[in-house]
Amino acid sequence: MASLYLVGPGALDGVGTGDAVSLDGAEGRHAVSVARVRVGETLRLSDGRGTVVSGPVASTGKDTLTLTVDDVAVEAEPRPALVLVQALAKGGRDEMAVQAATEIGVDRIVPWSAARSVSRWDGAKVEKGRARWAAIAQEAAKQAVRSRVPSVQAPVTTAQLAAGAGTGGTAVDREARRALVVLDPVGPVRLSAWEPPADVEEIVLVVGPEGGIDGSEFDRLEAAGAVRVRLGDTVLRTSTAGPAALAVLQTRLGRW
């Protein structure tokens, strides 16, 4: 499979076969200087929003190259979308979850400041942390050759999460728009047996921090319509629980 590189949002709008598309910046520099891409090699360029063009490299410069488009493919946005609400965690475990979840196929990621989160994003750390997760998701999407890079939203509190913030819904329309699924090691329903609603637009998967989800948080999320599910008989770390659950959902939705 041809290598995949990312161009800026909108760079592929209106592009058709025979057109020339440039790759520059950090991506162009990596392609030319690190990967040693040469004229005649076939590459795939994506805008990270579902459009992918492919074709031979027509020319290269110091930090840039130009590709002649042979093919244009547009991947439809999946429905229901898979949203991972990942609690902030220490030791880089939350970042590990972001990377693996992206490779598995998550569509959107929401950082969650849970009651038991040891790691905290305050002040300048908020945007720095979000940008860090976004960079991890972008690299993971490239590694997995995904045409869509999951977006990383601003962090939410439990109250905001219950009200639908960051997950595509609001308190008014959340029941029609989303299915809220919370991982609980002793949940009454196995995720593998849970039946996703037929008309839901997104499935929001909530994963707690190292110390687990606080009882009051479970109550608040259940009041917002959440269902508590378990993966199996073992307790997974916060770094692996989300990706494992997403793999189950991909199978349940018939995508795997």
# chains A, B, ... in the order shown; residues from 1 in each chain; ligands from 1

call {"tool": "residues_around", "arguments": {"residues": "Arg132 in chain A", "least_positions_apart": "2", "cutoff": "12 Å", "atoms": "only C-alpha atoms", "output": "list in words"}}
result
Gly92, Asp94, Glu95, Met96, Val98, Gln99, Pro111, Trp121, Lys125, Val126, Glu127, Lys128, Gly129, Arg130, Ala134, Ala135, Ile136, Ala137, Gln138, Glu139, Ser151, Val152, Gln153 and Ala154 of chain A

call {"tool": "residues_around", "arguments": {"residues": "Lys90 in chain A", "least_positions_apart": "2", "cutoff": "8 Å", "atoms": "only C-alpha atoms", "output": "list of chain:residue names"}}
result
A:Leu88, A:Gly92, A:Arg93, A:Asp94, A:Ser117, A:Val118, A:Ser119, A:Glu210

call {"tool": "residues_around", "arguments": {"residues": "range 191-196 of chain A", "least_positions_apart": "5", "cutoff": "12 Å", "atoms": "only C-alpha atoms", "output": "JSON, numbers by chain"}}
result
{"A": [79, 80, 81, 82, 178, 179, 180, 181, 182, 183, 184, 185, 186, 201, 202, 203, 204, 205, 227, 228, 229, 230, 231, 232, 233, 241, 242, 244, 245, 246, 247, 248, 249, 250, 251, 252, 253, 254]}

call {"tool": "select_by_dssp", "arguments": {"residues": "range 13-235 of chain A", "states": "helix (DSSP H, G or I)", "output": "count of residues only"}}
result
64

call {"tool": "residues_around", "arguments": {"residues": "Pro150 in chain A", "least_positions_apart": "5", "cutoff": "8 Å", "atoms": "only C-alpha atoms", "output": "PyMOL selection string"}}
result
chain A and resi 102+106-109+137-138+141

call {"tool": "closest_residue", "arguments": {"among": "A:Arg177, A:Ala223, A:Val83, A:Gly212", "to": "Ala198 in chain A", "atoms": "only C-alpha atoms"}}
result
A:Arg177

call {"tool": "closest_residue", "arguments": {"among": "A:Asp19, A:Glu222, A:Asp24, A:Glu103", "to": "Thr60 in chain A", "atoms": "only C-alpha atoms"}}
result
A:Asp24

call {"tool": "closest_residue", "arguments": {"among": "A:Gly123, A:Gly16, A:Pro243, A:Pro209", "to": "Ala100 in chain A", "atoms": "only C-alpha atoms"}}
result
A:Pro243

call {"tool": "atom_distance", "arguments": {"atom1": "CA of Gly91 in chain A", "atom2": "CA of Ala115 in chain A"}}
result
17.3 Å

call {"tool": "select_by_dssp", "arguments": {"residues": "range 74-107 of chain A", "states": "strand (DSSP E or B)", "output": "ChimeraX atom specification"}}
result
/A:74,81-87

call {"tool": "closest_residue", "arguments": {"among": "A:Thr66, A:Gln86, A:Thr51, A:Thr238", "to": "Val32 in chain A", "atoms": "only C-alpha atoms"}}
result
A:Thr66

call {"tool": "residues_around", "arguments": {"residues": "Ala159 in chain A", "least_positions_apart": "2", "cutoff": "10 Å", "atoms": "only C-alpha atoms", "output": "list in words"}}
result
Val156, Thr157, Leu161, Ala162, Ala163, Gly164, Ala165, Glu217, Arg220, Leu221 and Ala224 of chain A

call {"tool": "closest_residue", "arguments": {"among": "A:Ala87, A:Ile104, A:Ala26, A:Val72", "to": "Arg146 in chain A", "atoms": "only C-alpha atoms"}}
result
A:Ile104

call {"tool": "closest_residue", "arguments": {"among": "A:Thr64, A:Asp47, A:Gly55, A:Val69", "to": "Ser22 in chain A", "atoms": "only C-alpha atoms"}}
result
A:Thr64

call {"tool": "residues_around", "arguments": {"residues": "Val145 in chain A", "least_positions_apart": "6", "cutoff": "12 Å", "atoms": "only C-alpha atoms", "output": "ChimeraX atom specification"}}
result
/A:1-6,43-46,48,50,52,102-105,137-139

call {"tool": "write_last_selection", "arguments": {"atoms": "N, CA, C and O atoms", "output": "PDB file, in the first residue's frame"}}
result
ATOM      1  N   MET A   1       0.852  -1.195   0.000  1.00  0.00           N
ATOM      2  CA  MET A   1       0.000   0.000   0.000  1.00  0.00           C
ATOM      3  C   MET A   1       0.888   1.247   0.000  1.00  0.00           C
ATOM      4  O   MET A   1       1.877   1.306   0.717  1.00  0.00           O
ATOM      5  N   ALA A   2       0.534   2.226  -0.829  1.00  0.00           N
ATOM      6  CA  ALA A   2       1.321   3.447  -0.922  1.00  0.00           C
ATOM      7  C   ALA A   2       1.305   4.196   0.403  1.00  0.00           C
ATOM      8  O   ALA A   2       0.345   4.142   1.163  1.00  0.00           O
ATOM      9  N   SER A   3       2.400   4.912   0.696  1.00  0.00           N
ATOM     10  CA  SER A   3       2.497   5.679   1.926  1.00  0.00           C
ATOM     11  C   SER A   3       1.417   6.751   1.969  1.00  0.00           C
ATOM     12  O   SER A   3       0.979   7.257   0.928  1.00  0.00           O
ATOM     13  N   LEU A   4       0.980   7.088   3.184  1.00  0.00           N
ATOM     14  CA  LEU A   4      -0.055   8.101   3.367  1.00  0.00           C
ATOM     15  C   LEU A   4       0.535   9.309   4.076  1.00  0.00           C
ATOM     16  O   LEU A   4       1.183   9.186   5.112  1.00  0.00           O
ATOM     17  N   TYR A   5       0.307  10.495   3.486  1.00  0.00           N
ATOM     18  CA  TYR A   5       0.743  11.747   4.094  1.00  0.00           C
ATOM     19  C   TYR A   5      -0.459  12.672   4.206  1.00  0.00           C
ATOM     20  O   TYR A   5      -1.421  12.560   3.433  1.00  0.00           O
ATOM     21  N   LEU A   6      -0.399  13.584   5.162  1.00  0.00           N
ATOM     22  CA  LEU A   6      -1.501  14.497   5.423  1.00  0.00           C
ATOM     23  C   LEU A   6      -1.215  15.887   4.881  1.00  0.00           C
ATOM     24  O   LEU A   6      -0.136  16.439   5.095  1.00  0.00           O
ATOM     25  N   LEU A  43       2.269   7.906  -4.110  1.00  0.00           N
ATOM     26  CA  LEU A  43       1.914   8.304  -2.749  1.00  0.00           C
ATOM     27  C   LEU A  43       0.410   8.489  -2.643  1.00  0.00           C
ATOM     28  O   LEU A  43      -0.284   8.657  -3.642  1.00  0.00           O
ATOM     29  N   ARG A  44      -0.060   8.492  -1.396  1.00  0.00           N
ATOM     30  CA  ARG A  44      -1.448   8.811  -1.104  1.00  0.00           C
ATOM     31  C   ARG A  44      -1.453  10.009  -0.161  1.00  0.00           C
ATOM     32  O   ARG A  44      -0.729  10.024   0.830  1.00  0.00           O
ATOM     33  N   LEU A  45      -2.250  11.003  -0.493  1.00  0.00           N
ATOM     34  CA  LEU A  45      -2.381  12.201   0.340  1.00  0.00           C
ATOM     35  C   LEU A  45      -3.808  12.288   0.864  1.00  0.00           C
ATOM     36  O   LEU A  45      -4.767  12.091   0.115  1.00  0.00           O
ATOM     37  N   SER A  46      -3.946  12.603   2.141  1.00  0.00           N
ATOM     38  CA  SER A  46      -5.265  12.713   2.748  1.00  0.00           C
ATOM     39  C   SER A  46      -5.410  14.063   3.435  1.00  0.00           C
ATOM     40  O   SER A  46      -4.430  14.610   3.959  1.00  0.00           O
ATOM     41  N   GLY A  48      -7.352  14.279   6.003  1.00  0.00           N
ATOM     42  CA  GLY A  48      -7.752  13.930   7.353  1.00  0.00           C
ATOM     43  C   GLY A  48      -9.244  13.998   7.584  1.00  0.00           C
ATOM     44  O   GLY A  48      -9.720  13.743   8.688  1.00  0.00           O
ATOM     45  N   GLY A  50     -11.464  12.455   5.211  1.00  0.00           N
ATOM     46  CA  GLY A  50     -12.102  11.422   4.398  1.00  0.00           C
ATOM     47  C   GLY A  50     -11.733  11.411   2.935  1.00  0.00           C
ATOM     48  O   GLY A  50     -12.041  10.456   2.225  1.00  0.00           O
ATOM     49  N   VAL A  52      -8.990  11.157  -0.034  1.00  0.00           N
ATOM     50  CA  VAL A  52      -7.647  10.646  -0.298  1.00  0.00           C
ATOM     51  C   VAL A  52      -7.388  10.696  -1.799  1.00  0.00           C
ATOM     52  O   VAL A  52      -8.217  10.242  -2.596  1.00  0.00           O
ATOM     53  N   THR A 102      -7.180   5.343  18.200  1.00  0.00           N
ATOM     54  CA  THR A 102      -7.128   5.893  16.844  1.00  0.00           C
ATOM     55  C   THR A 102      -6.840   4.795  15.830  1.00  0.00           C
ATOM     56  O   THR A 102      -7.479   4.721  14.774  1.00  0.00           O
ATOM     57  N   GLU A 103      -5.895   3.933  16.137  1.00  0.00           N
ATOM     58  CA  GLU A 103      -5.579   2.841  15.223  1.00  0.00           C
ATOM     59  C   GLU A 103      -6.778   1.919  15.034  1.00  0.00           C
ATOM     60  O   GLU A 103      -7.000   1.386  13.940  1.00  0.00           O
ATOM     61  N   ILE A 104      -7.568   1.743  16.080  1.00  0.00           N
ATOM     62  CA  ILE A 104      -8.719   0.847  16.016  1.00  0.00           C
ATOM     63  C   ILE A 104      -9.884   1.480  15.268  1.00  0.00           C
ATOM     64  O   ILE A 104     -10.710   0.778  14.683  1.00  0.00           O
ATOM     65  N   GLY A 105      -9.960   2.820  15.250  1.00  0.00           N
ATOM     66  CA  GLY A 105     -10.992   3.453  14.445  1.00  0.00           C
ATOM     67  C   GLY A 105     -11.908   4.419  15.140  1.00  0.00           C
ATOM     68  O   GLY A 105     -13.007   4.700  14.648  1.00  0.00           O
ATOM     69  N   ALA A 137      -2.985  11.437  17.920  1.00  0.00           N
ATOM     70  CA  ALA A 137      -4.029  10.888  17.061  1.00  0.00           C
ATOM     71  C   ALA A 137      -3.650  11.013  15.590  1.00  0.00           C
ATOM     72  O   ALA A 137      -3.899  10.101  14.788  1.00  0.00           O
ATOM     73  N   GLN A 138      -3.046  12.123  15.215  1.00  0.00           N
ATOM     74  CA  GLN A 138      -2.656  12.317  13.818  1.00  0.00           C
ATOM     75  C   GLN A 138      -1.602  11.291  13.394  1.00  0.00           C
ATOM     76  O   GLN A 138      -1.709  10.687  12.322  1.00  0.00           O
ATOM     77  N   GLU A 139      -0.591  11.093  14.217  1.00  0.00           N
ATOM     78  CA  GLU A 139       0.454  10.127  13.892  1.00  0.00           C
ATOM     79  C   GLU A 139      -0.090   8.710  13.850  1.00  0.00           C
ATOM     80  O   GLU A 139       0.301   7.902  12.997  1.00  0.00           O
TER      81      GLU A 139
END
